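work33.pdb follows (PDB, C-alpha atoms):
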```pdb
ATOM      1  CA  MET A 128     107.562 103.283 147.069
ATOM      2  CA  LYS A 129     104.257 102.512 148.772
ATOM      3  CA  VAL A 130     101.074 104.058 147.381
ATOM      4  CA  LEU A 131      97.575 103.561 148.793
ATOM      5  CA  ILE A 132      94.391 104.095 146.805
ATOM      6  CA  GLY A 133      91.003 104.348 148.506
ATOM      7  CA  THR A 134      89.213 101.580 146.610
ATOM      8  CA  LYS A 135      89.273  97.890 145.777
ATOM      9  CA  ASN A 136      87.830  98.569 142.297
ATOM     10  CA  PRO A 137      90.203  96.829 139.841
ATOM     11  CA  GLY A 138      89.581  99.391 137.073
ATOM     12  CA  LYS A 139      90.462 102.327 139.318
ATOM     13  CA  ILE A 140      93.571 100.568 140.629
ATOM     14  CA  GLU A 141      94.710  99.749 137.096
ATOM     15  CA  GLY A 142      94.114 103.343 135.953
ATOM     16  CA  ALA A 143      96.179 104.712 138.854
ATOM     17  CA  THR A 144      98.925 102.175 138.139
ATOM     18  CA  GLU A 145      99.062 103.213 134.488
ATOM     19  CA  ALA A 146      99.357 106.875 135.509
ATOM     20  CA  PHE A 147     102.152 106.229 138.013
ATOM     21  CA  LYS A 148     104.120 104.113 135.488
ATOM     22  CA  ASN A 149     104.652 107.302 133.478
ATOM     23  CA  TYR A 150     106.648 108.891 136.315
ATOM     24  CA  PHE A 151     107.940 106.203 138.689
ATOM     25  CA  ASP A 152     109.848 102.971 138.180
ATOM     26  CA  ASP A 153     109.544 101.321 141.565
ATOM     27  CA  PHE A 154     106.167 101.553 143.297
ATOM     28  CA  GLU A 155     103.422  99.372 144.690
ATOM     29  CA  ILE A 156      99.776 100.471 144.703
ATOM     30  CA  GLU A 157      97.552  98.812 147.291
ATOM     31  CA  GLY A 158      93.793  99.210 147.242
ATOM     32  CA  VAL A 159      92.128  99.814 150.589
ATOM     33  CA  PRO A 160      88.343 100.175 150.776
ATOM     34  CA  VAL A 161      87.572 103.435 152.561
ATOM     35  CA  SER A 162      84.454 105.565 152.642
ATOM     36  CA  SER A 163      83.958 108.611 150.445
ATOM     37  CA  ASP A 164      81.469 110.006 152.980
ATOM     38  CA  VAL A 165      79.313 111.405 150.143
ATOM     39  CA  SER A 166      76.197 110.233 148.263
ATOM     40  CA  GLU A 167      76.183 106.920 146.393
ATOM     41  CA  GLU A 168      76.159 109.002 143.203
ATOM     42  CA  PRO A 169      78.139 112.158 143.931
ATOM     43  CA  VAL A 170      76.691 115.317 142.412
ATOM     44  CA  ASN A 171      78.692 118.468 141.618
ATOM     45  CA  ASN A 172      81.052 119.402 144.487
ATOM     46  CA  GLU A 173      80.528 116.033 146.159
ATOM     47  CA  ILE A 174      82.750 114.497 143.474
ATOM     48  CA  TYR A 175      85.849 116.363 144.680
ATOM     49  CA  GLU A 176      84.800 116.014 148.327
ATOM     50  CA  GLY A 177      84.411 112.241 147.939
ATOM     51  CA  ALA A 178      87.888 111.842 146.435
ATOM     52  CA  LYS A 179      89.407 114.071 149.119
ATOM     53  CA  ASN A 180      87.590 112.190 151.891
ATOM     54  CA  ARG A 181      88.962 108.896 150.571
ATOM     55  CA  VAL A 182      92.489 110.323 150.761
ATOM     56  CA  ASN A 183      91.996 111.605 154.301
ATOM     57  CA  ASN A 184      90.478 108.286 155.390
ATOM     58  CA  LEU A 185      93.474 106.485 153.864
ATOM     59  CA  MET A 186      95.863 108.726 155.778
ATOM     60  CA  ASN A 187      94.086 107.808 159.014
ATOM     61  CA  TYR A 188      94.219 104.116 158.035
ATOM     62  CA  ALA A 189      97.978 104.308 157.403
ATOM     63  CA  LEU A 190      98.566 106.143 160.684
ATOM     64  CA  GLU A 191      96.484 103.651 162.692
ATOM     65  CA  ASN A 192      98.244 100.687 161.042
ATOM     66  CA  GLU A 193     101.735 102.263 161.105
ATOM     67  CA  ILE A 194     102.186 101.950 157.335
ATOM     68  CA  ASP A 195     104.824 104.139 155.659
ATOM     69  CA  VAL A 196     103.177 105.574 152.547
ATOM     70  CA  GLU A 197     104.570 108.027 149.988
ATOM     71  CA  TYR A 198     101.297 108.863 148.199
ATOM     72  CA  PHE A 199      97.603 108.599 149.077
ATOM     73  CA  LEU A 200      95.117 108.429 146.190
ATOM     74  CA  GLY A 201      91.391 108.955 145.964
ATOM     75  CA  VAL A 202      89.201 109.019 142.882
ATOM     76  CA  GLU A 203      85.495 109.643 142.619
ATOM     77  CA  SER A 204      83.204 109.526 139.628
ATOM     78  CA  GLY A 205      80.068 111.598 139.623
ATOM     79  CA  ILE A 206      77.564 113.654 137.703
ATOM     80  CA  THR A 207      77.791 117.417 137.379
ATOM     81  CA  ASN A 208      76.074 120.247 135.585
ATOM     82  CA  LEU A 209      78.536 122.907 136.719
ATOM     83  CA  LEU A 210      79.632 123.297 133.084
ATOM     84  CA  GLY A 211      76.066 124.026 131.967
ATOM     85  CA  LYS A 212      75.194 120.500 130.797
ATOM     86  CA  TRP A 213      75.053 117.181 132.664
ATOM     87  CA  VAL A 214      78.256 115.165 132.344
ATOM     88  CA  ILE A 215      80.007 112.312 134.122
ATOM     89  CA  ILE A 216      83.519 113.143 135.310
ATOM     90  CA  ASN A 217      86.196 111.587 137.506
ATOM     91  CA  ILE A 218      88.156 113.649 139.990
ATOM     92  CA  ALA A 219      91.410 112.291 141.382
ATOM     93  CA  VAL A 220      93.060 113.648 144.529
ATOM     94  CA  ILE A 221      96.641 112.885 145.523
ATOM     95  CA  LYS A 222      98.344 113.758 148.801
ATOM     96  CA  ASP A 223     101.969 113.029 149.483
ATOM     97  CA  LYS A 224     103.258 111.947 152.880
ATOM     98  CA  ASN A 225     103.991 115.603 153.724
ATOM     99  CA  GLY A 226     100.369 116.598 153.123
ATOM    100  CA  TYR A 227     100.819 118.342 149.755
ATOM    101  CA  GLU A 228      97.541 117.889 147.854
ATOM    102  CA  SER A 229      96.784 118.108 144.172
ATOM    103  CA  TRP A 230      93.828 117.093 142.043
ATOM    104  CA  GLY A 231      92.939 116.438 138.441
ATOM    105  CA  THR A 232      89.993 115.482 136.295
ATOM    106  CA  SER A 233      89.294 113.040 133.530
ATOM    107  CA  PRO A 234      87.584 113.959 130.313
ATOM    108  CA  ALA A 235      83.849 114.295 130.881
ATOM    109  CA  PHE A 236      81.152 112.622 128.830
ATOM    110  CA  PRO A 237      77.599 113.903 128.310
ATOM    111  CA  VAL A 238      74.565 112.324 129.932
ATOM    112  CA  PRO A 239      71.258 112.329 128.052
ATOM    113  CA  ASP A 240      68.643 114.287 130.023
ATOM    114  CA  LYS A 241      66.380 111.223 130.166
ATOM    115  CA  TYR A 242      68.880 109.431 132.475
ATOM    116  CA  VAL A 243      69.925 112.280 134.802
ATOM    117  CA  ASP A 244      67.295 111.819 137.540
ATOM    118  CA  GLU A 245      67.722 108.041 137.626
ATOM    119  CA  ILE A 246      71.521 108.349 137.878
ATOM    120  CA  ILE A 247      71.229 110.846 140.744
ATOM    121  CA  THR A 248      68.683 108.758 142.686
ATOM    122  CA  THR A 249      70.539 105.435 142.199
ATOM    123  CA  ASN A 250      74.000 105.573 140.626
ATOM    124  CA  LEU A 251      75.625 105.546 137.219
ATOM    125  CA  GLY A 252      76.700 101.904 137.514
ATOM    126  CA  GLU A 253      73.157 100.626 138.016
ATOM    127  CA  VAL A 254      71.809 102.745 135.165
ATOM    128  CA  MET A 255      74.580 101.635 132.785
ATOM    129  CA  ASP A 256      74.086  97.968 133.738
ATOM    130  CA  LYS A 257      70.376  98.326 132.963
ATOM    131  CA  ILE A 258      70.857 100.195 129.672
ATOM    132  CA  PHE A 259      73.529  97.827 128.334
ATOM    133  CA  VAL A 260      72.099  94.661 129.961
ATOM    134  CA  GLN A 261      75.300  93.993 131.902
ATOM    135  CA  ASN A 262      76.315  93.175 135.456
ATOM    136  CA  ASP A 263      78.768  95.362 137.425
ATOM    137  CA  LEU A 264      80.233  97.343 134.518
ATOM    138  CA  ARG A 265      81.855  99.757 136.953
ATOM    139  CA  SER A 266      84.298  97.154 138.269
ATOM    140  CA  GLY A 267      85.837  96.614 134.842
ATOM    141  CA  LYS A 268      86.011  98.802 131.770
ATOM    142  CA  GLY A 269      82.896 100.729 132.797
ATOM    143  CA  GLY A 270      79.852 101.916 130.947
ATOM    144  CA  ILE A 271      82.010 104.430 129.087
ATOM    145  CA  ASN A 272      83.468 101.463 127.189
ATOM    146  CA  PHE A 273      79.976 100.759 125.801
ATOM    147  CA  VAL A 274      79.186 104.438 125.202
ATOM    148  CA  THR A 275      82.400 104.897 123.152
ATOM    149  CA  ASN A 276      82.084 101.561 121.344
ATOM    150  CA  GLY A 277      85.206 100.180 123.022
ATOM    151  CA  ILE A 278      87.476 103.173 122.435
ATOM    152  CA  ILE A 279      87.693 104.536 126.003
ATOM    153  CA  SER A 280      87.403 102.607 129.261
ATOM    154  CA  ARG A 281      86.964 103.523 132.900
ATOM    155  CA  ILE A 282      90.646 102.640 133.266
ATOM    156  CA  ASP A 283      91.523 105.349 130.702
ATOM    157  CA  LEU A 284      89.419 107.977 132.480
ATOM    158  CA  THR A 285      90.957 107.110 135.858
ATOM    159  CA  ARG A 286      94.479 107.124 134.388
ATOM    160  CA  ASP A 287      93.948 110.550 132.832
ATOM    161  CA  ALA A 288      92.551 112.036 136.052
ATOM    162  CA  PHE A 289      95.585 110.783 138.002
ATOM    163  CA  ILE A 290      98.015 112.047 135.342
ATOM    164  CA  MET A 291      96.437 115.498 135.691
ATOM    165  CA  ALA A 292      96.736 115.287 139.492
ATOM    166  CA  LEU A 293     100.369 114.143 139.228
ATOM    167  CA  THR A 294     101.373 117.263 137.289
ATOM    168  CA  GLN A 295     101.834 119.128 140.565
ATOM    169  CA  HIS A 296     103.888 116.325 142.122
ATOM    170  CA  THR A 297     106.204 115.781 139.167
ATOM    171  CA  ASN A 298     106.963 119.357 138.033
ATOM    172  CA  GLU A 299     108.708 121.791 140.365
ATOM    173  CA  VAL A 300     107.525 124.829 138.444
ATOM    174  CA  TRP A 301     103.905 123.671 138.331
ATOM    175  CA  ASN A 302     103.111 123.369 142.028
ATOM    176  CA  ASP A 303     102.775 125.362 145.210
ATOM    177  CA  LYS A 304     105.291 123.325 147.245
ATOM    178  CA  LYS A 305     107.859 126.110 147.462
ATOM    179  CA  VAL A 306     105.163 128.538 148.587
ATOM    180  CA  LEU A 307     104.077 126.036 151.212
ATOM    181  CA  ASN A 308     107.673 125.582 152.342
ATOM    182  CA  LYS A 309     108.209 129.359 152.559
ATOM    183  CA  LYS A 310     105.072 129.691 154.650
ATOM    184  CA  ALA A 311     106.299 126.931 156.943
ATOM    185  CA  ASN A 312     109.639 128.725 157.423
ATOM    186  CA  ASN A 313     108.085 132.078 158.338
TER     187      ASN A 313
END
```
Output the file's structure as structure tokens, nothing else.
Amino acid sequence: MKVLIGTKNPGKIEGATEAFKNYFDDFEIEGVPVSSDVSEEPVNNEIYEGAKNRVNNLMNYALENEIDVEYFLGVESGITNLLGKWVIINIAVIKDKNGYESWGTSPAFPVPDKYVDEIITTNLGEVMDKIFVQNDLRSGKGGINFVTNGIISRIDLTRDAFIMALTQHTNEVWNDKKVLNKKANN
């Protein structure tokens, strides 16, 4: 089974692979760099929009290149205060080849107020690299690995977001596919 993910980031690809291993035996995930069409550091609703845009851009890529794909994946990390406090969260979007879309989130982690403005005006990766005196944390285990003292990585957050998104693709009773099919038949 062919799966495309809208990134070349090794941590995001590994997280998606770990999620899919829970449900599928035979699959191949290929990373394709596509635009999120949102800010460098997505804020609030841009997080979901960025992940969704990656999926839609992947679908266009597959169509243009005549690639048969079962699932299209997008994941975006961003900062949000929609829960009342500033947190970093990942949102994963999955569309199957028939256009059925689902989404899920990772656990969120709090951002100290003193870093919020800098994260929004640059991006989380740059701020984390500066704080922890590192280079390109976001391509590996991520800044969350430093924040949690090695307990949770970016791979874990990405995996969990995709597992949540997969719930609607792997459980007949926990999706809207039948409703969509009924609508299509009317």
Distance query 12 Å from (90.0, 109.5, 154.0) using only C-alpha atoms, result as an MDAnalysis selection string: chainID A and resid 131:134 159:165 176:190 199:202 220:222
Do a neighbour search on Ile258 in chain A at 12 Å with all atoms listed in the file, toss out local chain neighbours closer than 4 positions, and write the hits as a PDB file with C-alpha atoms, in the coordinates of the input.
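Here's the written file selection_15.pdb:
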```
ATOM      1  CA  LYS A 241      66.380 111.223 130.166  1.00  0.00           C
ATOM      2  CA  TYR A 242      68.880 109.431 132.475  1.00  0.00           C
ATOM      3  CA  GLU A 245      67.722 108.041 137.626  1.00  0.00           C
ATOM      4  CA  ILE A 246      71.521 108.349 137.878  1.00  0.00           C
ATOM      5  CA  LEU A 251      75.625 105.546 137.219  1.00  0.00           C
ATOM      6  CA  GLY A 252      76.700 101.904 137.514  1.00  0.00           C
ATOM      7  CA  GLU A 253      73.157 100.626 138.016  1.00  0.00           C
ATOM      8  CA  VAL A 254      71.809 102.745 135.165  1.00  0.00           C
ATOM      9  CA  ASN A 262      76.315  93.175 135.456  1.00  0.00           C
ATOM     10  CA  LEU A 264      80.233  97.343 134.518  1.00  0.00           C
ATOM     11  CA  GLY A 270      79.852 101.916 130.947  1.00  0.00           C
ATOM     12  CA  ILE A 271      82.010 104.430 129.087  1.00  0.00           C
ATOM     13  CA  PHE A 273      79.976 100.759 125.801  1.00  0.00           C
ATOM     14  CA  VAL A 274      79.186 104.438 125.202  1.00  0.00           C
TER      15      VAL A 274
END
```
Give as a PyMOL selection string every residue, naming chains and numbers as the document does, that has an atom within 6 Å of (83.4, 111.3, 133.4), counting all atoms listed in the file. chain A and resi 215-217+234-236
Going by the chain IDs and residue numbers used in this file, which residues fall under the PyMOL selection byres ((chain A and resi 240) around 12)? Write them as number ranges by chain. A: 206, 208, 212-214, 237-239, 241-247
Counting all atoms listed in the file, which residue out of A:Lys257, A:Lys129, A:Arg286, A:Lys268 sits closest to Glu155 in chain A?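 Selected residue with least distance to Glu155 in chain A: A:Lys129.
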Pull out every residue that the PyMOL selection byres ((chain A and resi 144-150) around 6) matches in the shown coordinates and put them as a count of residues only. 7
Given the choices A:Gly277, A:Phe259, A:Asn171, A:Asp223, which gets closest to Leu210 in chain A if the distance is worked out from only C-alpha atoms? A:Asn171
Can you work out which one of A:Ser229, A:Ala219, A:Asn276, A:Val196 has the shortest atom-to-atom distance to Thr297 in chain A, counting all atoms listed in the file?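 Smallest separation from Thr297 in chain A among the options: A:Ser229.
CA of Asp303 in chain A to CA of Lys224 in chain A spans 15.5 Å [interatomic distance, one decimal].
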